[in-house]
$ cat work.cif   # mmCIF, C-alpha atoms
data_entry
#
loop_
_atom_site.label_atom_id
_atom_site.label_comp_id
_atom_site.auth_asym_id
_atom_site.auth_seq_id
_atom_site.Cartn_x
_atom_site.Cartn_y
_atom_site.Cartn_z
CA MET A 1 29.33 -12.04 9.39
CA ILE A 2 26.31 -13.20 11.39
CA ALA A 3 26.49 -16.86 12.36
CA LEU A 4 23.34 -18.85 11.61
CA LEU A 5 22.07 -22.05 13.21
CA LEU A 6 19.34 -24.11 11.54
CA VAL A 7 17.23 -25.84 14.17
CA THR A 8 14.22 -27.03 12.15
CA THR A 9 13.08 -27.21 8.56
CA GLY A 10 10.28 -24.76 7.79
CA ALA A 11 6.97 -26.28 6.75
CA GLY A 12 6.70 -23.85 3.86
CA ALA A 13 9.76 -25.16 1.98
CA GLN A 14 9.02 -25.03 -1.73
CA GLN A 15 12.19 -26.19 -3.43
CA PRO A 16 15.94 -26.54 -2.84
CA GLU A 17 17.66 -23.19 -2.71
CA HIS A 18 20.28 -22.32 -5.26
CA GLY A 19 22.01 -19.09 -6.05
CA HIS A 20 23.72 -18.11 -9.25
CA GLY A 21 25.83 -20.86 -10.75
CA GLY A 22 24.04 -23.58 -8.77
CA HIS A 23 25.56 -22.74 -5.39
CA ALA A 24 23.35 -23.56 -2.40
CA ARG A 25 21.87 -20.63 -0.50
CA ALA A 26 21.00 -22.48 2.70
CA PRO A 27 19.59 -21.57 5.15
CA GLU A 28 17.32 -19.59 2.80
CA LEU A 29 14.21 -20.74 1.01
CA TYR A 30 13.11 -19.59 -2.42
CA ASP A 31 9.50 -18.38 -2.43
CA ASN A 32 8.14 -18.75 -5.96
CA GLN A 33 4.43 -18.64 -5.07
CA PHE A 34 2.65 -16.29 -7.52
CA ASN A 35 6.05 -15.77 -9.20
CA HIS A 36 7.15 -13.83 -6.11
CA ASN A 37 10.68 -15.18 -6.64
CA HIS A 38 12.53 -14.00 -3.54
CA TYR A 39 14.73 -15.70 -0.95
CA TYR A 40 13.90 -15.62 2.77
CA TYR A 41 15.40 -17.15 5.89
CA GLN A 42 13.85 -20.50 6.76
CA ARG A 43 11.41 -20.56 9.66
CA GLY A 44 13.06 -22.19 12.62
CA LEU A 45 16.41 -20.59 11.88
CA VAL A 46 18.09 -19.08 14.96
CA VAL A 47 20.11 -15.86 14.57
CA PRO A 48 22.02 -13.88 17.19
CA ALA A 49 20.46 -10.56 16.10
CA VAL A 50 17.64 -9.31 13.90
CA PRO A 51 19.10 -7.70 10.75
CA GLY A 52 18.23 -4.23 9.56
CA ARG A 53 16.03 -1.86 11.55
CA PRO A 54 13.11 -4.06 12.65
CA TYR A 55 9.67 -3.01 13.77
CA VAL A 56 8.80 -4.36 17.21
CA VAL A 57 5.20 -5.59 17.31
CA ALA A 58 3.30 -6.70 20.43
CA HIS A 59 0.57 -9.28 19.92
CA GLY A 60 -1.09 -11.76 22.25
CA GLY A 61 1.26 -10.93 25.10
CA GLU A 62 4.35 -11.63 22.97
CA HIS A 63 6.80 -9.46 21.06
CA PHE A 64 7.73 -10.03 17.45
CA TYR A 65 10.36 -8.37 15.28
CA TYR A 66 9.55 -7.64 11.62
CA SER A 67 12.30 -6.82 9.13
CA GLY A 68 12.49 -7.22 5.37
CA GLY A 69 9.37 -9.40 5.22
CA VAL A 70 10.79 -11.85 7.78
CA TRP A 71 9.40 -12.31 11.29
CA TYR A 72 11.44 -13.10 14.39
CA ALA A 73 10.66 -13.99 18.00
CA PRO A 74 13.03 -13.84 21.00
CA ARG A 75 14.60 -17.11 22.06
CA GLY A 76 16.88 -16.62 25.04
CA PRO A 77 19.70 -14.29 23.97
CA SER A 78 18.94 -15.00 20.28
CA PHE A 79 16.01 -14.81 17.85
CA VAL A 80 14.19 -17.48 15.87
CA VAL A 81 12.57 -16.98 12.48
CA VAL A 82 8.81 -17.59 12.80
CA GLY A 83 5.57 -17.20 10.91
CA PRO A 84 3.65 -14.06 11.94
CA PRO A 85 0.51 -14.43 14.08
CA VAL A 86 -2.74 -13.92 12.20
CA GLY A 87 -4.34 -10.63 13.18
CA VAL A 88 -1.15 -8.70 13.86
CA PHE A 89 -0.77 -5.25 12.23
CA VAL A 90 2.36 -3.68 10.77
CA PRO A 91 2.80 -0.08 9.55
CA VAL A 92 4.37 -0.98 6.20
CA LEU A 93 4.40 -3.85 3.73
CA PRO A 94 7.58 -5.84 3.12
CA PRO A 95 10.03 -4.10 0.75
CA PHE A 96 9.10 -6.72 -1.87
CA TYR A 97 5.57 -8.07 -2.18
CA THR A 98 3.30 -9.51 -4.84
CA THR A 99 -0.27 -8.30 -5.23
CA VAL A 100 -2.90 -11.03 -5.74
CA TRP A 101 -6.66 -10.64 -5.98
CA PHE A 102 -9.20 -12.99 -4.43
CA GLY A 103 -12.85 -12.11 -5.03
CA GLY A 104 -11.98 -8.60 -6.21
CA VAL A 105 -9.97 -7.81 -3.06
CA PRO A 106 -6.20 -7.18 -3.23
CA TYR A 107 -3.93 -9.12 -0.90
CA TYR A 108 -0.21 -8.48 -0.58
CA TYR A 109 1.91 -11.61 -0.48
CA ALA A 110 5.48 -12.18 0.68
CA ASN A 111 7.30 -15.03 2.41
CA ASN A 112 4.24 -17.33 2.66
CA THR A 113 2.28 -14.52 4.35
CA TYR A 114 -0.77 -12.54 3.23
CA TYR A 115 -1.45 -8.93 4.24
CA VAL A 116 -4.53 -6.74 3.73
CA TYR A 117 -4.85 -2.99 4.15
CA GLY A 118 -6.43 -2.21 7.53
CA GLY A 119 -6.76 1.56 7.46
CA GLU A 120 -5.10 3.65 10.16
CA GLN A 121 -3.60 0.57 11.82
CA GLY A 122 -1.60 -0.33 8.72
CA TYR A 123 -1.57 -3.82 7.20
CA GLU A 124 -3.02 -6.92 8.85
CA VAL A 125 -1.66 -10.44 8.58
CA VAL A 126 -4.51 -12.74 7.53
CA GLU A 127 -5.10 -16.40 6.75
CA ALA A 128 -4.61 -17.52 3.16
CA PRO A 129 -7.75 -16.16 1.46
CA GLY A 130 -8.27 -19.16 -0.81
CA ASP A 131 -6.81 -21.69 -3.19
CA PRO A 132 -3.72 -20.08 -4.77
CA SER A 133 -4.84 -21.37 -8.16
CA ALA A 134 -7.92 -19.11 -7.89
CA ALA A 135 -5.87 -15.94 -7.41
CA ILE A 136 -5.48 -13.27 -10.06
CA ALA A 137 -1.87 -12.15 -10.07
CA GLY A 138 -1.02 -8.46 -9.89
CA PRO A 139 2.19 -6.42 -9.92
CA GLN A 140 5.38 -7.95 -8.57
CA GLY A 141 5.74 -5.57 -5.67
CA PRO A 142 5.94 -1.80 -5.52
CA GLU A 143 7.64 0.26 -8.19
CA TYR A 144 9.86 1.40 -5.34
CA PRO A 145 9.93 0.36 -1.66
CA GLY A 146 6.83 1.53 0.18
CA ALA A 147 4.78 2.58 -2.86
CA PRO A 148 1.01 2.61 -2.14
CA PRO A 149 -0.63 -0.74 -2.97
CA PRO A 150 -3.47 -1.01 -5.47
CA ALA A 151 -6.97 -0.05 -4.35
CA ALA A 152 -9.71 -2.67 -4.04
CA ASN A 153 -11.88 -2.89 -7.15
CA GLY A 154 -10.01 -0.02 -8.75
CA PRO A 155 -7.05 0.82 -10.98
CA PRO A 156 -3.49 1.20 -9.72
CA PRO A 157 -3.37 4.18 -7.35
CA GLU A 158 -2.56 7.69 -8.36
CA GLY A 159 1.00 8.62 -7.58
CA GLU A 160 2.61 5.47 -9.03
CA ASP A 161 4.31 7.76 -11.56
CA LEU A 162 6.54 9.21 -8.85
CA PHE A 163 10.13 7.98 -9.08
CA ILE A 164 12.07 8.19 -5.84
CA TYR A 165 15.84 8.18 -5.39
CA PRO A 166 17.32 7.94 -1.87
CA GLN A 167 19.99 10.64 -1.99
CA ASN A 168 21.22 9.89 1.52
CA GLY A 169 21.55 6.13 1.08
CA GLN A 170 18.38 5.31 3.01
CA SER A 171 17.87 1.57 3.52
CA PRO A 172 14.88 -0.23 1.94
CA ASP A 173 13.19 -0.39 5.36
CA GLN A 174 13.74 3.35 5.91
CA GLN A 175 12.44 4.10 2.42
CA ALA A 176 9.30 2.08 3.17
CA THR A 177 8.78 3.95 6.45
CA ASP A 178 9.30 7.36 4.85
CA ARG A 179 7.01 6.52 1.96
CA TYR A 180 4.24 5.30 4.28
CA GLU A 181 4.49 8.32 6.60
CA CYS A 182 4.56 10.74 3.66
CA HIS A 183 1.59 8.96 2.13
CA LYS A 184 -0.42 9.42 5.34
CA TRP A 185 0.55 13.09 5.54
CA ALA A 186 -0.19 13.75 1.86
CA ALA A 187 -3.57 12.01 2.14
CA SER A 188 -4.48 14.12 5.18
CA GLN A 189 -3.42 17.33 3.45
CA SER A 190 -5.09 16.67 0.10
CA GLY A 191 -8.12 14.60 1.09
CA PHE A 192 -7.08 12.10 -1.59
CA ASP A 193 -6.09 8.55 -0.57
CA PRO A 194 -4.75 6.37 -3.43
CA THR A 195 -5.25 3.20 -1.39
CA GLN A 196 -9.03 3.72 -1.68
CA ALA A 197 -11.07 3.20 -4.82
CA GLY A 198 -11.22 6.47 -6.74
CA GLY A 199 -8.99 8.08 -4.14
CA GLY A 200 -11.96 8.35 -1.77
CA VAL A 201 -13.21 11.51 -3.51
CA ALA A 202 -16.00 12.40 -5.90
CA PRO A 203 -15.27 11.51 -9.55
CA ASP A 204 -15.08 15.16 -10.56
CA GLN A 205 -12.39 15.78 -7.94
CA THR A 206 -10.10 12.87 -8.81
CA VAL A 207 -7.74 14.75 -11.13
CA ALA A 208 -7.35 17.88 -8.99
CA LYS A 209 -7.12 16.03 -5.67
CA GLY A 210 -4.75 13.46 -7.17
CA ALA A 211 -2.44 16.27 -8.29
CA ASP A 212 -2.60 17.81 -4.80
CA TYR A 213 -1.66 14.43 -3.30
CA ARG A 214 1.35 14.03 -5.59
CA ARG A 215 2.58 17.55 -4.80
CA ALA A 216 2.29 16.84 -1.09
CA MET A 217 4.10 13.53 -1.49
CA ARG A 218 6.90 15.21 -3.41
CA ALA A 219 7.30 17.94 -0.80
CA CYS A 220 7.37 15.45 2.06
CA LEU A 221 9.84 13.07 0.42
CA GLU A 222 12.15 15.84 -0.74
CA GLY A 223 12.16 17.12 2.85
CA ARG A 224 13.40 13.69 3.94
CA GLY A 225 16.33 13.60 1.54
CA TYR A 226 14.88 12.01 -1.61
CA SER A 227 15.03 13.13 -5.21
CA VAL A 228 11.52 12.91 -6.67
CA ARG A 229 10.64 12.99 -10.37
#
$ encode --input "work.cif" --output "structure tokens"
Amino acid sequence: MIALLLVTTGAGAQQPEHGHGGHARAPELYDNQFNHNHYYYQRGLVVPAVPGRPYVVAHGGEHFYYSGGVWYAPRGPSFVVVGPPVGVFVPVLPPFYTTVWFGGVPYYYANNTYYVYGGEQGYEVVEAPGDPSAAIAGPQGPEYPGAPPPAANGPPPEGEDLFIYPQNGQSPDQQATDRYECHKWAASQSGFDPTQAGGGVAPDQTVAKGADYRRAMRACLEGRGYSVR
């Protein structure tokens, strides 16, 4: 079991942490903003190793490690849980996120952090876009890890009806990576991008191009060891 050392109390603490039956879940915090309702390690927590298969992100001359919606920075031989720097890009959203709209634009929220879609670079960490009370809540995360997020000023993206089962026991992080890479490939093959309003195609092409996208997604995911229905 990984030993944990709490060195500071995170500024984003929202309430005492309790698991089932009232047992404390320290050093985790419960994020209930926008009914997100997930536990995350407290910022300031020091761990000997980053769990999972983290993405290593360089920003501002520093390196950060991103895994499961939690951000880490090196501290000597260990790592400390931190807030991500504004302006950094990541290739995939956290495995669990909540979609909220501010001014007709979708933002993806997890662990006191907001992300916006930034095109080819992936998803950008941004400042809080406004008063949380002004947000319009959306879906509580993807239907499955790595599902395309909703398009700005549009309906949920085509392809949300795909149900994915990891036949080879792929981790949530690996599922998110595979889904994102297959999405990019399917969009390039079909010319249809569900993260854009209307798929980025003419209205009379939406149905046909959307079907092409889903077929490409299915072929890519099945080639990576998933059952797709």
$ residues_around --input "work.cif" --residues "Tyr41 of chain A" --least-positions-apart "3" --cutoff "9 Å" --atoms "only C-alpha atoms" --output "count of residues only"
9
$ closest_residue --input "work.cif" --among "A:Gly223, A:Pro94, A:Pro194, A:Gly52" --to "Val207 of chain A" --atoms "only C-alpha atoms"
A:Pro194
$ atom_distance --input "work.cif" --atom1 "atom CA of Gly122 of chain A" --atom2 "atom CA of Arg218 of chain A"
21.5 Å
$ resolve_selection --input "work.cif" --expression "the PyMOL selection byres ((chain A and resi 185) around 12)" --output "PyMOL selection string"
chain A and resi 120+178-184+186-193+212-221
$ atom_distance --input "work.cif" --atom1 "atom CA of Val100 of chain A" --atom2 "atom CA of Arg43 of chain A"
23.1 Å
$ resolve_selection --input "work.cif" --expression "the PyMOL selection byres ((chain A and resi 95) around 7)" --output "PDB file with C-alpha atoms, in the frame of the given file"
ATOM      1  CA  GLY A  68      12.490  -7.220   5.370  1.00  0.00           C
ATOM      2  CA  GLY A  69       9.370  -9.400   5.220  1.00  0.00           C
ATOM      3  CA  LEU A  93       4.400  -3.850   3.730  1.00  0.00           C
ATOM      4  CA  PRO A  94       7.580  -5.840   3.120  1.00  0.00           C
ATOM      5  CA  PHE A  96       9.100  -6.720  -1.870  1.00  0.00           C
ATOM      6  CA  TYR A  97       5.570  -8.070  -2.180  1.00  0.00           C
ATOM      7  CA  PRO A 145       9.930   0.360  -1.660  1.00  0.00           C
ATOM      8  CA  GLY A 146       6.830   1.530   0.180  1.00  0.00           C
ATOM      9  CA  PRO A 172      14.880  -0.230   1.940  1.00  0.00           C
ATOM     10  CA  ASP A 173      13.190  -0.390   5.360  1.00  0.00           C
ATOM     11  CA  ALA A 176       9.300   2.080   3.170  1.00  0.00           C
TER      12      ALA A 176
END
$ resolve_selection --input "work.cif" --expression "the PyMOL selection byres ((chain A and resi 88) around 10)" --output "list in words"
Val57, Ala58, His59, Gly60, Phe64, Pro84, Pro85, Val86, Gly87, Phe89, Val90, Tyr115, Gln121, Gly122, Tyr123, Glu124, Val125 and Val126 of chain A
$ write_last_selection --input "work.cif" --atoms "C-alpha atoms" --output "PDB file, keeping the file's coordinate frame"
ATOM      1  CA  VAL A  57       5.200  -5.590  17.310  1.00  0.00           C
ATOM      2  CA  ALA A  58       3.300  -6.700  20.430  1.00  0.00           C
ATOM      3  CA  HIS A  59       0.570  -9.280  19.920  1.00  0.00           C
ATOM      4  CA  GLY A  60      -1.090 -11.760  22.250  1.00  0.00           C
ATOM      5  CA  PHE A  64       7.730 -10.030  17.450  1.00  0.00           C
ATOM      6  CA  PRO A  84       3.650 -14.060  11.940  1.00  0.00           C
ATOM      7  CA  PRO A  85       0.510 -14.430  14.080  1.00  0.00           C
ATOM      8  CA  VAL A  86      -2.740 -13.920  12.200  1.00  0.00           C
ATOM      9  CA  GLY A  87      -4.340 -10.630  13.180  1.00  0.00           C
ATOM     10  CA  PHE A  89      -0.770  -5.250  12.230  1.00  0.00           C
ATOM     11  CA  VAL A  90       2.360  -3.680  10.770  1.00  0.00           C
ATOM     12  CA  TYR A 115      -1.450  -8.930   4.240  1.00  0.00           C
ATOM     13  CA  GLN A 121      -3.600   0.570  11.820  1.00  0.00           C
ATOM     14  CA  GLY A 122      -1.600  -0.330   8.720  1.00  0.00           C
ATOM     15  CA  TYR A 123      -1.570  -3.820   7.200  1.00  0.00           C
ATOM     16  CA  GLU A 124      -3.020  -6.920   8.850  1.00  0.00           C
ATOM     17  CA  VAL A 125      -1.660 -10.440   8.580  1.00  0.00           C
ATOM     18  CA  VAL A 126      -4.510 -12.740   7.530  1.00  0.00           C
TER      19      VAL A 126
END
$ residues_near_point --input "work.cif" --point "(-4.9, -17.3, -5.3)" --cutoff "12 Å" --atoms "all atoms listed in the file" --output "VMD selection string"
chain A and resid 33 to 35 98 to 109 114 128 to 138
$ atom_distance --input "work.cif" --atom1 "atom CA of Val46 of chain A" --atom2 "atom CA of Phe79 of chain A"
5.6 Å
$ closest_residue --input "work.cif" --among "A:Val116, A:Gln42, A:Pro91, A:Pro54" --to "Tyr66 of chain A" --atoms "all atoms listed in the file"
A:Pro54
